[in-house]
Structures are given as structure tokens and as C-alpha cells.
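*Asks:* Sending over upload29.txt (compact mmCIF, C-alpha atoms).
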# COMPACT_ATOMS: atom_id res chain seq x y z
CA MET I 1 133.43 77.87 85.47
CA SER I 2 132.66 74.21 85.71
CA GLN I 3 129.85 72.60 87.62
CA GLN I 4 132.32 71.32 90.20
CA ASP I 5 133.56 74.84 91.07
CA ARG I 6 130.15 75.99 92.29
CA PRO I 7 129.09 75.05 95.80
CA ASP I 8 126.08 72.85 96.20
CA PRO I 9 122.97 75.03 96.82
CA LYS I 10 122.04 72.81 99.73
CA GLN I 11 125.31 73.63 101.43
CA ARG I 12 125.22 77.41 100.99
CA PRO I 13 124.82 79.35 104.24
CA VAL I 14 121.67 81.37 104.68
CA PRO I 15 122.45 85.08 105.30
CA GLY I 16 121.33 86.16 108.76
CA ALA I 17 120.39 82.64 109.82
CA PRO I 18 122.08 80.94 112.77
CA PRO I 19 124.42 78.10 111.87
CA GLY I 20 122.59 74.84 111.31
CA ALA I 21 119.25 76.57 110.79
CA GLY I 22 118.73 75.04 107.38
CA LEU I 23 117.67 76.53 104.12
CA PRO I 24 114.82 79.01 103.88
CA THR I 25 111.57 77.80 102.40
CA ARG I 26 108.58 79.61 100.99
CA ASN I 27 107.12 79.66 104.48
CA THR I 28 110.21 81.09 106.21
CA ALA I 29 109.32 84.42 107.79
CA THR I 30 111.46 87.39 106.81
CA ARG I 31 109.68 89.74 109.21
CA GLY I 32 108.01 89.36 112.55
CA PRO I 33 104.42 90.35 113.36
CA ALA I 34 103.50 93.94 112.65
CA ARG I 35 102.29 96.49 115.15
CA ARG I 36 99.65 98.65 113.54
CA GLY I 37 100.23 101.78 115.62
CA ARG I 38 103.24 103.17 113.76
CA TYR I 39 101.71 102.44 110.37
CA ALA I 40 98.47 104.18 111.35
CA ILE I 41 100.33 107.27 112.60
CA ALA I 42 102.37 107.39 109.38
CA GLY I 43 99.17 107.17 107.35
CA VAL I 44 97.59 110.04 109.27
CA LEU I 45 100.67 112.21 108.80
CA LEU I 46 100.79 111.55 105.05
CA SER I 47 97.05 112.09 104.73
CA ALA I 48 97.32 115.47 106.43
CA ALA I 49 100.19 116.50 104.14
CA ILE I 50 98.13 115.58 101.08
CA LEU I 51 94.56 116.47 101.97
CA LEU I 52 94.86 119.78 103.83
CA PRO I 53 96.46 121.69 100.93
CA LEU I 54 93.74 120.28 98.64
CA MET I 55 90.99 122.16 100.52
CA PRO I 56 91.30 125.77 99.27
CA GLN I 57 88.00 126.81 100.86
CA THR I 58 89.81 126.75 104.21
CA TYR I 59 92.53 129.23 103.19
CA SER I 60 91.24 131.34 100.29
CA PHE I 61 91.61 134.71 102.04
CA ASN I 62 93.64 137.84 101.35
CA ALA I 63 94.32 138.75 104.97
CA PRO I 64 96.61 138.36 106.83
CA THR I 65 99.39 139.32 104.47
CA LEU I 66 103.02 138.40 104.96
CA GLY I 67 105.45 140.78 103.27
CA GLY I 68 102.68 141.95 100.94
CA MET I 69 101.82 138.38 99.93
CA PRO I 70 98.17 137.33 100.51
CA PHE I 71 97.43 134.50 102.93
CA PHE I 72 96.35 132.23 100.07
CA TYR I 73 99.88 132.15 98.62
CA TRP I 74 102.05 132.05 101.72
CA TYR I 75 99.88 129.35 103.30
CA GLN I 76 100.48 127.10 100.29
CA LEU I 77 104.21 127.82 100.40
CA LEU I 78 104.21 127.01 104.10
CA TRP I 79 102.97 123.50 103.29
CA VAL I 80 106.10 122.69 101.24
CA PRO I 81 108.45 122.32 104.24
CA MET I 82 105.64 121.01 106.44
CA SER I 83 104.90 118.21 103.95
CA ALA I 84 108.57 117.34 103.76
CA ALA I 85 108.78 117.16 107.55
CA LEU I 86 105.62 115.05 107.85
CA SER I 87 106.86 112.70 105.13
CA GLY I 88 110.21 112.38 106.89
CA VAL I 89 108.58 111.50 110.21
CA ALA I 90 106.31 108.96 108.48
CA TYR I 91 109.33 107.39 106.77
CA TRP I 92 111.18 107.16 110.07
CA LEU I 93 108.21 105.50 111.78
CA VAL I 94 107.77 102.88 109.06
CA ASN I 95 111.50 102.26 108.71
CA THR I 96 112.07 101.68 112.44
CA GLU I 97 109.08 99.33 112.59
CA ASP I 98 110.41 97.37 109.63
CA ARG I 99 113.83 97.08 111.31
CA ARG I 100 112.18 95.82 114.48
CA ARG I 101 110.18 93.24 112.54
CA ARG I 102 113.30 92.00 110.72
CA ALA I 103 115.20 91.72 114.01
CA VAL I 104 112.36 89.68 115.49
CA ALA I 105 112.41 87.32 112.52
CA ARG I 106 116.19 86.93 112.71
CA ALA I 107 116.14 86.28 116.44
CA GLY I 108 113.22 83.89 116.16
CA ALA I 109 111.75 85.46 119.28
CA ALA I 110 108.32 86.94 119.86
CA ASP I 111 109.69 90.38 120.66
CA THR I 112 113.18 91.91 120.93
CA ASP I 113 112.06 94.54 123.43
CA GLY I 114 111.03 91.94 125.98
CA ASP I 115 107.46 93.21 126.19
CA ALA I 116 105.63 90.26 124.69
CA ALA I 117 102.59 91.06 126.82
CA ASP I 118 102.34 94.43 125.06
CA ASP I 119 101.82 92.74 121.67
CA SER I 120 98.60 91.10 122.78
CA LEU I 121 97.14 94.51 123.62
CA ASP I 122 97.61 95.87 120.10
CA GLY I 123 94.68 93.91 118.71
CA ASP I 124 96.80 92.48 115.91
CA GLU I 125 96.36 88.88 116.89
CA ARG I 126 93.13 87.03 116.32
CA PRO I 127 91.98 84.07 118.40
Could I get this structure in the form of C-alpha cells?

*Replies:*
Amino acid sequence: MSQQDRPDPKQRPVPGAPPGAGLPTRNTATRGPARRGRYAIAGVLLSAAILLPLMPQTYSFNAPTLGGMPFFYWYQLLWVPMSAALSGVAYWLVNTEDRRRRAVARAGAADTDGDAADDSLDGDERP
């Protein structure tokens, strides 16, 4: 492939950018401003899934038994699907927030939901 066959980098279209928007620079935003609420909730869910099973003093009992299995064992086994569910919800929260932030950056708007006044209440912006 010769040098003439390749398009000039300055003329290549930018994926996701409107026509005539120009080339991205180091300062071009790929995501809009973050809302901390979803990230905080995801952190709490993951913390619960990790920390609660690590405190055996809260569940080191024999009674109640479930099918002849002491509470200590079936409580730990109960945390396997619960941790998976909590991790799934945390992933969904973070993933939807990331999609929203990317859509905001692509649109070049302050907010795709139309509630720009709501962003100022989150405490994310500093004067």
C-alpha cells in the first residue's frame, strides 16, 4: 500500500462526531459530567457483598438448621447468589450512567434528559 492510497489523517471522519466538527484533541471530552449517586449506590452494594460475609461473628451459630445444615454453612451459601445479584445491579447502575455520560458528550448538551437544573443539586459542580 503506497502513501497515496491512505487518506490524509486530517480528512478522516471522527466516529460519533457531527459532520464538520473537526478532529478530536487531547482536551475533547469523551464523557459528560458524572453524577455521583449511581456510583455511590454501586459502591455500597459491592461493599455489602464483600464485607458482610467477612464478619463470621455475626453468623457463627448452629441454630436454626436448614435440612440438617447449621446456620453457619447455609448462611454462607446464601451469600453466593446474593453477591451475584448485588454485583449485577451495581454493574447495571454504572453501565447506564456511563452510557448517559457518553450520550451527553456526543450530543454536546448539558443533559440528555432535559433536567439540567437537577445536575446543580447533585453537588458535583464547584463554584

*Asks:* One number please: CA of Arg102 (chain I) to CA of Gly32 (chain I), in Å, one decimal.

*Replies:*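 So the answer is 6.2 Å.
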
*Asks:* Pick from I:Val104, I:Leu66, I:Leu51, I:Val94: nearest to Trp79 (chain I), with all atoms listed in the file counted?

*Replies:*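 Using all atoms listed in the file, Trp79 (chain I) sits closest to I:Leu51.
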
*Asks:* Just give me the residues with any atom within 8 Å of (106.9, 100.4, 113.3), file coordinates, counting only C-alpha atoms, written as a PyMOL selection string.

*Replies:* chain I and resi 34-39+93-101

*Asks:* Env of Gln76 (chain I): 12 Å cut, atoms = all atoms listed in the file, seq-sep filter 6 positions within chain, self excluded. Answer as a list in words.

*Replies:*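 So, after excluding close chain neighbours, the residues are Ala49, Ile50, Leu52, Pro53, Leu54, Met55, Pro56, Thr58, Tyr59, Ser60, Phe61, Met69, Pro70, Met82 and Ser83 of chain I.
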
*Asks:* Selection from above, C-alpha atoms, as a PDB file, keeping the file's coordinate frame, can you write it?

*Replies:*
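Now in again.pdb:
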ATOM      1  CA  ALA I  49     100.190 116.500 104.140  1.00  0.00           C
ATOM      2  CA  ILE I  50      98.130 115.580 101.080  1.00  0.00           C
ATOM      3  CA  LEU I  52      94.860 119.780 103.830  1.00  0.00           C
ATOM      4  CA  PRO I  53      96.460 121.690 100.930  1.00  0.00           C
ATOM      5  CA  LEU I  54      93.740 120.280  98.640  1.00  0.00           C
ATOM      6  CA  MET I  55      90.990 122.160 100.520  1.00  0.00           C
ATOM      7  CA  PRO I  56      91.300 125.770  99.270  1.00  0.00           C
ATOM      8  CA  THR I  58      89.810 126.750 104.210  1.00  0.00           C
ATOM      9  CA  TYR I  59      92.530 129.230 103.190  1.00  0.00           C
ATOM     10  CA  SER I  60      91.240 131.340 100.290  1.00  0.00           C
ATOM     11  CA  PHE I  61      91.610 134.710 102.040  1.00  0.00           C
ATOM     12  CA  MET I  69     101.820 138.380  99.930  1.00  0.00           C
ATOM     13  CA  PRO I  70      98.170 137.330 100.510  1.00  0.00           C
ATOM     14  CA  MET I  82     105.640 121.010 106.440  1.00  0.00           C
ATOM     15  CA  SER I  83     104.900 118.210 103.950  1.00  0.00           C
TER      16      SER I  83
END
